[in-house]
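Novice: What follows is start-v9.cif, made up of mmCIF, C-alpha atoms:
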```
data_data
#
loop_
_atom_site.label_atom_id
_atom_site.label_comp_id
_atom_site.auth_asym_id
_atom_site.auth_seq_id
_atom_site.Cartn_x
_atom_site.Cartn_y
_atom_site.Cartn_z
CA MET A 1 -16.51 -7.62 -12.89
CA GLY A 2 -19.94 -8.35 -11.42
CA ALA A 3 -22.12 -5.93 -9.47
CA ALA A 4 -21.17 -7.49 -6.15
CA MET A 5 -17.44 -7.10 -6.81
CA ARG A 6 -17.92 -3.49 -7.91
CA ARG A 7 -19.66 -2.70 -4.63
CA VAL A 8 -16.90 -4.42 -2.66
CA HIS A 9 -14.26 -2.35 -4.44
CA VAL A 10 -16.22 0.87 -3.89
CA GLY A 11 -16.41 -0.10 -0.22
CA ASN A 12 -12.65 -0.63 -0.04
CA ALA A 13 -12.03 2.78 -1.59
CA LEU A 14 -14.47 4.54 0.75
CA SER A 15 -13.04 2.95 3.91
CA ALA A 16 -9.49 3.87 2.84
CA PHE A 17 -10.64 7.40 1.97
CA GLY A 18 -12.09 7.79 5.48
CA LEU A 19 -8.97 6.41 7.14
CA GLY A 20 -6.79 8.80 5.12
CA PHE A 21 -8.48 11.75 6.85
CA THR A 22 -7.24 10.73 10.31
CA VAL A 23 -4.31 8.29 10.17
CA PRO A 24 -1.55 10.87 9.44
CA TYR A 25 -2.76 13.21 12.19
CA LEU A 26 -3.65 10.82 15.01
CA TYR A 27 -0.47 11.38 17.02
CA VAL A 28 -0.68 15.18 16.73
CA TYR A 29 -4.36 15.13 17.67
CA VAL A 30 -3.88 13.15 20.89
CA ALA A 31 -0.54 14.57 22.01
CA GLN A 32 -0.94 18.25 21.11
CA VAL A 33 -4.51 19.18 20.24
CA ARG A 34 -6.08 17.30 23.16
CA ASP A 35 -2.93 18.02 25.19
CA LEU A 36 -2.72 14.45 26.52
CA GLY A 37 1.02 14.05 25.92
CA ALA A 38 3.29 11.80 23.91
CA VAL A 39 2.82 8.82 26.25
CA THR A 40 -0.94 8.74 25.73
CA ALA A 41 -0.48 9.17 21.99
CA GLY A 42 1.89 6.21 21.97
CA LEU A 43 -0.59 4.17 24.00
CA VAL A 44 -3.31 4.94 21.45
CA LEU A 45 -1.16 3.45 18.67
CA ALA A 46 -0.51 0.41 20.88
CA VAL A 47 -4.23 0.04 21.63
CA PHE A 48 -4.95 -0.23 17.90
CA ALA A 49 -2.62 -3.22 17.66
CA VAL A 50 -3.83 -4.85 20.89
CA ALA A 51 -7.50 -4.50 19.90
CA ALA A 52 -6.78 -6.10 16.54
CA LEU A 53 -4.91 -9.00 18.13
CA MET A 54 -7.81 -9.60 20.52
CA VAL A 55 -10.64 -9.68 17.96
CA LEU A 56 -9.04 -11.34 14.93
CA PRO A 57 -8.95 -14.90 16.38
CA PHE A 58 -12.74 -14.67 16.80
CA ALA A 59 -13.37 -12.84 13.52
CA GLY A 60 -12.44 -15.84 11.40
CA ARG A 61 -14.80 -18.12 13.30
CA ALA A 62 -17.62 -15.58 12.97
CA ILE A 63 -17.03 -15.24 9.21
CA VAL A 64 -17.12 -19.01 8.75
CA ARG A 65 -20.31 -19.36 10.80
CA ARG A 66 -22.27 -16.29 9.71
CA GLY A 67 -20.65 -15.32 6.42
CA PRO A 68 -18.48 -12.26 5.75
CA LEU A 69 -21.27 -9.70 5.19
CA PRO A 70 -22.86 -9.66 8.69
CA VAL A 71 -19.39 -9.57 10.27
CA LEU A 72 -18.36 -6.68 8.00
CA LEU A 73 -21.49 -4.67 8.84
CA ALA A 74 -20.89 -5.14 12.59
CA ALA A 75 -17.25 -4.11 12.17
CA LEU A 76 -18.22 -0.98 10.22
CA VAL A 77 -20.73 0.16 12.85
CA THR A 78 -18.14 -0.44 15.59
CA ALA A 79 -15.48 1.50 13.68
CA ALA A 80 -17.87 4.38 12.99
CA PHE A 81 -18.74 4.61 16.68
CA GLY A 82 -15.04 4.53 17.61
CA ALA A 83 -14.10 7.21 15.06
CA LEU A 84 -16.86 9.60 16.15
CA SER A 85 -16.10 9.02 19.84
CA LEU A 86 -12.40 9.65 19.24
CA GLY A 87 -13.19 12.97 17.61
CA LEU A 88 -15.20 14.06 20.65
CA ALA A 89 -13.03 12.51 23.40
CA GLY A 90 -11.31 14.90 25.78
CA SER A 91 -9.80 12.58 28.40
CA ALA A 92 -7.16 9.88 28.15
CA THR A 93 -9.63 7.15 29.15
CA ALA A 94 -12.16 8.20 26.51
CA VAL A 95 -9.46 8.41 23.85
CA LEU A 96 -8.11 4.93 24.63
CA LEU A 97 -11.58 3.31 24.70
CA SER A 98 -12.52 5.00 21.43
CA ALA A 99 -9.25 3.87 19.84
CA ALA A 100 -9.96 0.30 20.94
CA ALA A 101 -13.36 0.34 19.22
CA LEU A 102 -11.93 1.91 16.06
CA GLY A 103 -8.98 -0.50 15.98
CA ALA A 104 -11.16 -3.57 16.49
CA GLY A 105 -13.55 -2.50 13.75
CA GLN A 106 -10.76 -1.76 11.28
CA ALA A 107 -9.05 -5.08 11.99
CA VAL A 108 -12.17 -7.16 11.34
CA MET A 109 -12.95 -5.28 8.11
CA GLN A 110 -9.80 -6.66 6.45
CA PRO A 111 -10.55 -10.42 6.49
CA ALA A 112 -14.29 -9.83 5.94
CA LEU A 113 -13.68 -7.79 2.78
CA ALA A 114 -10.97 -10.21 1.62
CA THR A 115 -13.39 -13.13 2.02
CA MET A 116 -16.03 -11.26 0.01
CA ILE A 117 -13.49 -10.73 -2.76
CA VAL A 118 -12.74 -14.47 -2.72
CA ASP A 119 -16.46 -15.28 -2.93
CA CYS A 120 -17.01 -12.80 -5.79
CA SER A 121 -14.04 -13.96 -7.89
CA THR A 122 -12.70 -17.10 -9.52
CA ALA A 123 -9.19 -18.54 -9.39
CA GLY A 124 -8.49 -16.88 -12.74
CA THR A 125 -9.69 -13.39 -11.74
CA ARG A 126 -8.57 -13.34 -8.09
CA SER A 127 -5.13 -11.81 -8.59
CA ARG A 128 -6.60 -8.91 -10.58
CA ALA A 129 -9.34 -8.46 -7.96
CA PHE A 130 -6.84 -8.15 -5.10
CA ALA A 131 -4.60 -5.87 -7.17
CA THR A 132 -7.60 -3.59 -7.75
CA GLN A 133 -8.35 -3.63 -4.03
CA PHE A 134 -4.79 -2.60 -3.14
CA PHE A 135 -4.77 0.11 -5.83
CA LEU A 136 -8.03 1.63 -4.56
CA GLN A 137 -6.90 1.43 -0.92
CA ASN A 138 -3.77 3.42 -1.61
CA LEU A 139 -5.59 5.88 -3.85
CA GLY A 140 -8.25 6.39 -1.16
CA LEU A 141 -5.66 6.86 1.59
CA GLY A 142 -3.70 9.34 -0.50
CA VAL A 143 -6.71 11.44 -1.52
CA GLY A 144 -8.16 11.35 2.01
CA GLY A 145 -4.86 12.42 3.54
CA LEU A 146 -4.47 15.23 1.00
CA ILE A 147 -7.95 16.64 1.69
CA GLY A 148 -7.58 16.14 5.45
CA GLY A 149 -4.31 18.06 5.41
CA HIS A 150 -6.13 21.13 4.03
CA LEU A 151 -8.91 20.91 6.61
CA VAL A 152 -6.83 20.32 9.73
CA ASP A 153 -5.83 23.16 12.05
CA THR A 154 -3.85 22.32 15.19
CA THR A 155 -5.21 25.41 16.94
CA ARG A 156 -8.82 24.23 16.61
CA ALA A 157 -9.93 20.89 18.05
CA SER A 158 -13.14 21.22 16.04
CA SER A 159 -11.21 20.73 12.79
CA PHE A 160 -10.06 17.30 14.02
CA THR A 161 -13.59 16.49 15.16
CA LEU A 162 -14.65 17.17 11.57
CA LEU A 163 -12.01 14.74 10.25
CA PHE A 164 -13.18 11.94 12.55
CA ALA A 165 -16.82 12.71 11.68
CA VAL A 166 -15.99 12.33 7.97
CA GLU A 167 -14.28 9.00 8.72
CA ALA A 168 -17.35 7.78 10.65
CA ALA A 169 -19.62 8.94 7.82
CA MET A 170 -17.57 6.93 5.29
CA PHE A 171 -17.96 3.79 7.40
CA LEU A 172 -21.73 4.31 7.69
CA LEU A 173 -22.01 4.99 3.95
CA LEU A 174 -20.16 1.74 3.43
CA VAL A 175 -22.77 -0.02 5.62
CA VAL A 176 -25.50 1.18 3.23
CA ILE A 177 -23.56 0.06 0.15
CA MET A 178 -22.55 -3.32 1.56
CA ALA A 179 -26.09 -4.08 2.74
CA THR A 180 -27.09 -4.28 -0.95
CA VAL A 181 -24.36 -6.79 -1.89
CA ARG A 182 -25.46 -10.27 -2.92
CA VAL A 183 -22.39 -12.47 -3.01
CA PRO A 184 -22.47 -14.94 -5.95
CA GLY A 185 -22.46 -18.56 -4.88
CA ALA A 186 -23.04 -17.75 -1.21
CA PRO A 187 -26.77 -17.05 -0.80
CA ARG A 188 -28.36 -16.58 2.59
CA GLY A 189 -28.08 -19.67 4.73
CA GLU A 190 -25.76 -21.56 2.38
CA GLY A 191 -22.03 -21.97 2.10
CA VAL A 192 -21.52 -21.58 5.86
CA ALA A 193 -19.45 -24.29 7.51
CA PRO A 194 -21.17 -26.40 10.18
CA ALA A 195 -20.44 -25.70 13.83
CA GLN A 196 -18.29 -28.81 14.21
CA SER A 197 -15.94 -27.75 11.40
CA VAL A 198 -15.76 -24.25 12.86
CA ARG A 199 -14.68 -25.59 16.25
CA GLY A 200 -11.88 -27.55 14.65
CA SER A 201 -10.94 -24.84 12.16
CA TRP A 202 -7.87 -23.58 14.03
CA ARG A 203 -6.56 -27.13 14.46
CA GLN A 204 -7.15 -27.77 10.77
CA LEU A 205 -5.32 -24.57 9.83
CA VAL A 206 -2.30 -25.36 12.02
CA ARG A 207 -2.05 -28.81 10.41
CA ASN A 208 -1.89 -27.20 6.95
CA ARG A 209 1.88 -27.04 6.56
CA ALA A 210 1.77 -24.77 3.49
CA MET A 211 -0.44 -22.24 5.30
CA VAL A 212 1.83 -22.25 8.35
CA GLN A 213 4.83 -21.64 6.09
CA LEU A 214 2.97 -18.81 4.36
CA CYS A 215 2.13 -17.24 7.74
CA VAL A 216 5.81 -17.35 8.75
CA LEU A 217 6.75 -15.81 5.40
CA GLY A 218 4.03 -13.18 5.85
CA PHE A 219 5.41 -12.22 9.26
CA VAL A 220 8.88 -11.73 7.74
CA LEU A 221 7.45 -9.65 4.88
CA PHE A 222 5.34 -7.38 7.06
CA PHE A 223 8.01 -7.07 9.76
CA ALA A 224 10.68 -6.06 7.24
CA CYS A 225 8.51 -3.52 5.41
CA TYR A 226 5.22 -2.28 6.85
CA GLY A 227 6.43 -2.63 10.42
CA GLN A 228 9.19 -0.09 9.71
CA PHE A 229 7.36 2.64 7.79
CA GLU A 230 6.11 4.71 10.70
CA SER A 231 8.80 3.91 13.27
CA GLY A 232 12.22 2.48 12.53
CA LEU A 233 12.71 3.73 8.99
CA SER A 234 11.51 7.26 9.73
CA ALA A 235 13.64 7.39 12.90
CA TYR A 236 16.64 6.14 10.92
CA GLY A 237 16.00 8.75 8.21
CA VAL A 238 15.87 11.61 10.70
CA GLU A 239 18.77 10.52 12.93
CA ALA A 240 21.19 8.94 10.45
CA ALA A 241 20.39 10.70 7.17
CA GLY A 242 19.20 14.06 8.52
CA ILE A 243 15.93 13.83 6.62
CA SER A 244 13.49 16.70 7.25
CA PRO A 245 9.81 16.09 8.14
CA SER A 246 8.76 17.42 4.73
CA ALA A 247 11.09 14.91 3.05
CA LEU A 248 9.46 12.13 5.09
CA GLY A 249 6.14 13.22 3.66
CA THR A 250 7.62 13.21 0.16
CA ALA A 251 8.93 9.66 0.73
CA LEU A 252 5.50 8.41 1.78
CA ALA A 253 3.95 10.15 -1.22
CA ALA A 254 6.50 8.46 -3.49
CA ASN A 255 5.57 5.08 -2.00
CA THR A 256 1.87 5.65 -2.75
CA ALA A 257 2.56 7.10 -6.20
CA VAL A 258 4.59 4.06 -7.27
CA ILE A 259 1.81 1.73 -6.14
CA VAL A 260 -0.90 3.70 -7.94
CA VAL A 261 1.11 4.09 -11.17
CA ALA A 262 2.73 0.64 -11.32
CA GLN A 263 0.01 -1.65 -9.95
CA PHE A 264 -1.58 -2.82 -13.18
CA ALA A 265 1.64 -2.83 -15.17
CA VAL A 266 3.15 -5.05 -12.47
CA LEU A 267 0.05 -7.25 -12.55
CA ARG A 268 0.78 -8.33 -16.13
CA PHE A 269 4.26 -9.41 -15.02
CA VAL A 270 2.95 -11.25 -11.94
CA GLU A 271 0.14 -13.14 -13.70
CA ARG A 272 2.60 -14.97 -15.96
CA ARG A 273 4.88 -16.21 -13.17
CA ARG A 274 4.82 -18.54 -10.20
CA ARG A 275 3.79 -16.74 -7.04
CA SER A 276 6.70 -18.10 -5.01
CA ARG A 277 9.17 -16.61 -7.50
CA VAL A 278 7.34 -13.27 -7.42
CA ILE A 279 7.63 -13.19 -3.62
CA ALA A 280 11.33 -14.05 -3.91
CA ALA A 281 11.75 -11.15 -6.36
CA VAL A 282 10.08 -8.83 -3.84
CA GLY A 283 12.68 -9.92 -1.27
CA LEU A 284 15.46 -8.95 -3.67
CA ILE A 285 13.86 -5.58 -4.47
CA TRP A 286 13.50 -4.82 -0.76
CA ALA A 287 17.11 -5.88 -0.16
CA VAL A 288 18.12 -3.26 -2.74
CA ALA A 289 15.85 -0.77 -0.96
CA TRP A 290 17.63 -1.37 2.35
CA GLY A 291 20.97 -1.02 0.58
CA VAL A 292 19.86 2.37 -0.77
CA ALA A 293 18.68 3.31 2.73
CA GLY A 294 22.14 2.39 4.00
CA TYR A 295 23.68 4.78 1.49
CA ALA A 296 21.25 7.53 2.55
CA GLY A 297 22.31 7.35 6.19
CA LEU A 298 25.85 6.04 6.02
CA GLY A 299 27.16 7.12 2.60
CA HIS A 300 28.51 10.53 3.70
CA GLY A 301 27.24 12.17 0.51
CA SER A 302 25.46 15.48 0.17
CA GLN A 303 22.16 16.13 1.91
CA ALA A 304 20.39 16.24 -1.45
CA MET A 305 21.76 12.81 -2.38
CA ALA A 306 20.81 11.38 1.01
CA THR A 307 17.26 12.70 0.64
CA ALA A 308 16.96 11.34 -2.90
CA ALA A 309 18.19 7.93 -1.74
CA PHE A 310 15.76 7.90 1.16
CA VAL A 311 12.81 8.77 -1.10
CA SER A 312 13.98 6.04 -3.50
CA THR A 313 13.89 3.54 -0.63
CA TYR A 314 10.18 4.18 -0.09
CA ALA A 315 9.56 4.03 -3.86
CA LEU A 316 11.25 0.61 -4.07
CA PHE A 317 9.14 -0.61 -1.16
CA GLY A 318 6.07 0.53 -3.11
CA LEU A 319 7.14 -1.51 -6.14
CA GLY A 320 7.45 -4.61 -3.94
CA GLU A 321 4.05 -3.94 -2.37
CA ALA A 322 2.46 -3.70 -5.82
CA MET A 323 3.90 -7.13 -6.64
CA LEU A 324 2.68 -8.68 -3.39
CA SER A 325 -0.94 -7.47 -3.54
CA PRO A 326 -1.99 -9.81 -6.41
CA THR A 327 0.19 -12.62 -5.06
CA VAL A 328 -0.12 -13.27 -1.33
CA ALA A 329 -3.86 -12.73 -0.73
CA PRO A 330 -4.93 -15.06 -3.60
CA LEU A 331 -2.44 -17.61 -2.29
CA VAL A 332 -4.15 -17.56 1.12
CA ALA A 333 -7.52 -18.06 -0.61
CA ASP A 334 -6.21 -20.96 -2.70
CA LEU A 335 -4.84 -22.74 0.39
CA ALA A 336 -8.15 -22.44 2.26
CA PRO A 337 -10.51 -25.47 2.12
CA ALA A 338 -14.07 -24.86 0.94
CA GLY A 339 -15.96 -22.64 3.38
CA MET A 340 -12.84 -21.74 5.36
CA ALA A 341 -11.62 -18.64 3.50
CA GLY A 342 -12.73 -16.37 6.35
CA GLN A 343 -10.72 -18.34 8.91
CA TYR A 344 -7.60 -18.33 6.75
CA ASN A 345 -7.91 -14.63 5.91
CA SER A 346 -8.32 -13.81 9.62
CA ALA A 347 -5.28 -15.91 10.53
CA PHE A 348 -3.15 -14.11 7.95
CA ALA A 349 -4.47 -10.73 9.13
CA LEU A 350 -3.51 -11.75 12.68
CA VAL A 351 0.04 -12.50 11.52
CA LYS A 352 0.18 -9.09 9.85
CA GLN A 353 -0.96 -7.36 13.04
CA LEU A 354 1.67 -9.23 15.06
CA ALA A 355 4.36 -8.03 12.65
CA LEU A 356 3.02 -4.48 12.80
CA ALA A 357 3.10 -4.62 16.61
CA VAL A 358 6.58 -6.15 16.92
CA GLY A 359 8.14 -4.23 14.01
CA PRO A 360 8.02 -0.74 15.57
CA ALA A 361 9.07 -2.07 18.99
CA VAL A 362 12.23 -3.59 17.49
CA GLY A 363 12.89 -1.19 14.62
CA GLY A 364 12.27 2.08 16.45
CA PRO A 365 15.18 1.87 18.92
CA LEU A 366 17.47 0.27 16.33
CA GLY A 367 16.71 2.87 13.67
CA ALA A 368 17.16 5.78 16.06
CA SER A 369 20.51 4.79 17.57
CA LEU A 370 22.10 1.66 16.03
CA HIS A 371 22.16 2.66 12.39
CA VAL A 372 24.43 0.01 10.86
CA PRO A 373 22.85 -2.95 12.75
CA TYR A 374 19.42 -1.63 11.77
CA VAL A 375 20.11 -1.63 8.04
CA VAL A 376 21.98 -4.95 8.14
CA THR A 377 19.19 -6.63 10.14
CA PHE A 378 16.46 -5.75 7.68
CA LEU A 379 18.65 -6.35 4.67
CA LEU A 380 19.08 -9.92 5.97
CA PHE A 381 15.34 -10.21 6.64
CA SER A 382 14.65 -9.24 3.02
CA LEU A 383 17.13 -11.76 1.68
CA GLY A 384 15.73 -14.38 4.04
#
```
If you took the structure in this file and wrote it as structure tokens, what would it be?

Specialist:
Amino acid sequence: MGAAMRRVHVGNALSAFGLGFTVPYLYVYVAQVRDLGAVTAGLVLAVFAVAALMVLPFAGRAIVRRGPLPVLLAALVTAAFGALSLGLAGSATAVLLSAAALGAGQAVMQPALATMIVDCSTAGTRSRAFATQFFLQNLGLGVGGLIGGHLVDTTRASSFTLLFAVEAAMFLLLVVIMATVRVPGAPRGEGVAPAQSVRGSWRQLVRNRAMVQLCVLGFVLFFACYGQFESGLSAYGVEAAGISPSALGTALAANTAVIVVAQFAVLRFVERRRRSRVIAAVGLIWAVAWGVAGYAGLGHGSQAMATAAFVSTYALFGLGEAMLSPTVAPLVADLAPAGMAGQYNSAFALVKQLALAVGPAVGGPLGASLHVPYVVTFLLFSLG
């Protein structure tokens, strides 16, 4: 691993560490600590998705024209400003504007960092590089959330301001680290696509049948898994299985633990097999996970068995995620023509954001009230 790749991975870990301080407590902060109500808190979560959908179509073009590093630095400064403003905001308008800045910055970071990983790796090392990225992201989120949980105090708004200040500081530290990166094979002024190819980049992408198919597949994957974590699946667990809030936390911890423990063991399995078959295996694992979730809520067993099944559902999702991380992102990079990795990474990130926006809107009501249709729907999505 070269010096540039090491810095990129350190940057991934730091950004995830900063996000871990605030992500689990955002709803509580807006609704209860700032006393702005559940509606405003829900709008903040929606603003994150809307901001991402607005900036990602332009992010890919900027990465192709300017390179990933300048775009990443601009995104980090924007996210730092949004995080610090959110920690100081006292009105609904200020909270929503701050959330928009933070959401836009976070969204653009993803394809910029992914493109830097592509530039710093070869076809033979790319799967391991993306697996390392996913491992460090989850480790950073878990550690950040654990530390943030010991610092937070719902009776003191200043404790939340501290959390957002730490998040902003992590982004600014990442600016300093990333400013020293020299991407191999992409020196200043070279490797950037000409303006004419940038203007036609979206048309070129849409004509790439394999990439369009992968985007459709990506939407199904993210809709059936990530789009349900914080909405439909948790609502289903509480309403159908009687899961307690502490058990929800245990389930999320189990998801992260499986990823952290299994990532590199899974990588050896993935590297020896065709990526399409690995993705198909993930679909089967997630189908089993939804079957276990069905037992948790509909099996009429003891509460302890229901809780164990629900935690197992999140653990199985984590196993599938660990298999996808070294599979899908390198596949996007391999499908991208020379100089177009930023555009393709941004397009795939846009598909992910669409799934994360639609998933809670569909899964939330289903999971809360229509328990059997909810499980059957996502079982079929996994098999599909």

Novice: Please evaluate the PyMOL selection byres ((chain A and resi 65-77) around 8) against the structure above and give the resulting residues as a PDB file with C-alpha atoms, in the coordinates of the input.

Specialist:
```pdb
ATOM      1  CA  ALA A  59     -13.370 -12.840  13.520  1.00  0.00           C
ATOM      2  CA  ARG A  61     -14.800 -18.120  13.300  1.00  0.00           C
ATOM      3  CA  ALA A  62     -17.620 -15.580  12.970  1.00  0.00           C
ATOM      4  CA  ILE A  63     -17.030 -15.240   9.210  1.00  0.00           C
ATOM      5  CA  VAL A  64     -17.120 -19.010   8.750  1.00  0.00           C
ATOM      6  CA  THR A  78     -18.140  -0.440  15.590  1.00  0.00           C
ATOM      7  CA  ALA A  79     -15.480   1.500  13.680  1.00  0.00           C
ATOM      8  CA  ALA A  80     -17.870   4.380  12.990  1.00  0.00           C
ATOM      9  CA  PHE A  81     -18.740   4.610  16.680  1.00  0.00           C
ATOM     10  CA  ALA A 104     -11.160  -3.570  16.490  1.00  0.00           C
ATOM     11  CA  GLY A 105     -13.550  -2.500  13.750  1.00  0.00           C
ATOM     12  CA  GLN A 106     -10.760  -1.760  11.280  1.00  0.00           C
ATOM     13  CA  VAL A 108     -12.170  -7.160  11.340  1.00  0.00           C
ATOM     14  CA  MET A 109     -12.950  -5.280   8.110  1.00  0.00           C
ATOM     15  CA  ALA A 112     -14.290  -9.830   5.940  1.00  0.00           C
ATOM     16  CA  LEU A 113     -13.680  -7.790   2.780  1.00  0.00           C
ATOM     17  CA  THR A 115     -13.390 -13.130   2.020  1.00  0.00           C
ATOM     18  CA  MET A 116     -16.030 -11.260   0.010  1.00  0.00           C
ATOM     19  CA  PHE A 171     -17.960   3.790   7.400  1.00  0.00           C
ATOM     20  CA  LEU A 172     -21.730   4.310   7.690  1.00  0.00           C
ATOM     21  CA  LEU A 174     -20.160   1.740   3.430  1.00  0.00           C
ATOM     22  CA  VAL A 175     -22.770  -0.020   5.620  1.00  0.00           C
ATOM     23  CA  MET A 178     -22.550  -3.320   1.560  1.00  0.00           C
ATOM     24  CA  ALA A 179     -26.090  -4.080   2.740  1.00  0.00           C
ATOM     25  CA  VAL A 192     -21.520 -21.580   5.860  1.00  0.00           C
ATOM     26  CA  ALA A 193     -19.450 -24.290   7.510  1.00  0.00           C
ATOM     27  CA  PRO A 194     -21.170 -26.400  10.180  1.00  0.00           C
ATOM     28  CA  ALA A 195     -20.440 -25.700  13.830  1.00  0.00           C
ATOM     29  CA  VAL A 198     -15.760 -24.250  12.860  1.00  0.00           C
ATOM     30  CA  GLY A 342     -12.730 -16.370   6.350  1.00  0.00           C
TER      31      GLY A 342
END
```

Novice: Which protein, DNA or RNA residues are at most 12 Å from (8.3, -13.9, -2.3) in the file's coordinates when you count only C-alpha atoms, listed as a PyMOL selection string?

Specialist: chain A and resi 213-214+216-218+220-222+270+273-286+320-321+323-328+331+381-384

Novice: Can you turn the PyMOL selection byres ((chain A and resi 362) around 10) into a concrete residue list for this file, as JSON, numbers by chain?

Specialist: {"A": [223, 227, 228, 231, 232, 357, 358, 359, 360, 361, 363, 364, 365, 366, 367, 374]}

Novice: With a cut-off of 7 Å, could you pull out the residues of range 272-371 of chain A touching range 250-257 of chain A and give me the nearest pair of atoms for each, distance in Å to one decimal, using all atoms listed in the file, ordered by chain and ascending number, as JSON lines?

Specialist:
```
{"residue": "A:Val311", "atom": "CA", "partner": "A:Ala251", "partner_atom": "CA", "distance": 4.4}
{"residue": "A:Tyr314", "atom": "CA", "partner": "A:Asn255", "partner_atom": "CA", "distance": 5.1}
{"residue": "A:Ala315", "atom": "CA", "partner": "A:Asn255", "partner_atom": "CA", "distance": 4.5}
{"residue": "A:Phe317", "atom": "CA", "partner": "A:Asn255", "partner_atom": "CA", "distance": 6.8}
{"residue": "A:Gly318", "atom": "CA", "partner": "A:Asn255", "partner_atom": "CA", "distance": 4.7}
```

Novice: How would the residues just chosen look if you wrote them out with C-alpha atoms as a PDB file, in the frame of the given file?

Specialist:
```pdb
ATOM      1  CA  VAL A 311      12.810   8.770  -1.100  1.00  0.00           C
ATOM      2  CA  TYR A 314      10.180   4.180  -0.090  1.00  0.00           C
ATOM      3  CA  ALA A 315       9.560   4.030  -3.860  1.00  0.00           C
ATOM      4  CA  PHE A 317       9.140  -0.610  -1.160  1.00  0.00           C
ATOM      5  CA  GLY A 318       6.070   0.530  -3.110  1.00  0.00           C
TER       6      GLY A 318
END
```

Novice: Could you spell out the hits of the PyMOL selection byres ((chain A and resi 372) around 10) on the shown file, as a PDB file with C-alpha atoms, in the coordinates of the input?

Specialist:
```
ATOM      1  CA  TYR A 236      16.640   6.140  10.920  1.00  0.00           C
ATOM      2  CA  ALA A 240      21.190   8.940  10.450  1.00  0.00           C
ATOM      3  CA  GLY A 294      22.140   2.390   4.000  1.00  0.00           C
ATOM      4  CA  GLY A 297      22.310   7.350   6.190  1.00  0.00           C
ATOM      5  CA  LEU A 298      25.850   6.040   6.020  1.00  0.00           C
ATOM      6  CA  LEU A 366      17.470   0.270  16.330  1.00  0.00           C
ATOM      7  CA  GLY A 367      16.710   2.870  13.670  1.00  0.00           C
ATOM      8  CA  SER A 369      20.510   4.790  17.570  1.00  0.00           C
ATOM      9  CA  LEU A 370      22.100   1.660  16.030  1.00  0.00           C
ATOM     10  CA  HIS A 371      22.160   2.660  12.390  1.00  0.00           C
ATOM     11  CA  PRO A 373      22.850  -2.950  12.750  1.00  0.00           C
ATOM     12  CA  TYR A 374      19.420  -1.630  11.770  1.00  0.00           C
ATOM     13  CA  VAL A 375      20.110  -1.630   8.040  1.00  0.00           C
ATOM     14  CA  VAL A 376      21.980  -4.950   8.140  1.00  0.00           C
ATOM     15  CA  THR A 377      19.190  -6.630  10.140  1.00  0.00           C
TER      16      THR A 377
END
```

Novice: Grab the CA of Leu350 in chain A to CA of Leu56 in chain A distance for me, in Å with one decimal place.

Specialist: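 Atom-to-atom, CA of Leu350 in chain A and CA of Leu56 in chain A are spaced 6.0 Å apart.
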
Novice: Kindly give the distance, in Å, that separates CA of Asn208 in chain A and CA of Leu354 in chain A, rounded to a single decimal.

Specialist: 20.0 Å

Novice: When you count all atoms listed in the file, which of these residues is closest to Asn138 in chain A: A:Ala83, A:Ala41, A:Val261, A:Ala347?

Specialist: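 Among A:Ala83, A:Ala41, A:Val261, A:Ala347, it is A:Val261 that comes nearest to Asn138 in chain A.
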
Novice: Pick out the closest residue to Ala247 in chain A from this set: A:Leu267, A:Ala308, A:Val288, A:Ala165. Count only C-alpha atoms.

Specialist: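 Among the listed residues, the smallest separation from Ala247 in chain A belongs to A:Ala308.
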
Novice: Please put the answer as JSON: centre and edge lengths, in Å with one decimal, of a box along x, y and z that encloses all listed atoms of range 113-122 of chain A plus 5 Å on each side.

Specialist:
```
{"center_x": -14.0, "center_y": -12.4, "center_z": -3.4, "size_x": 16.0, "size_y": 19.3, "size_z": 22.3}
```
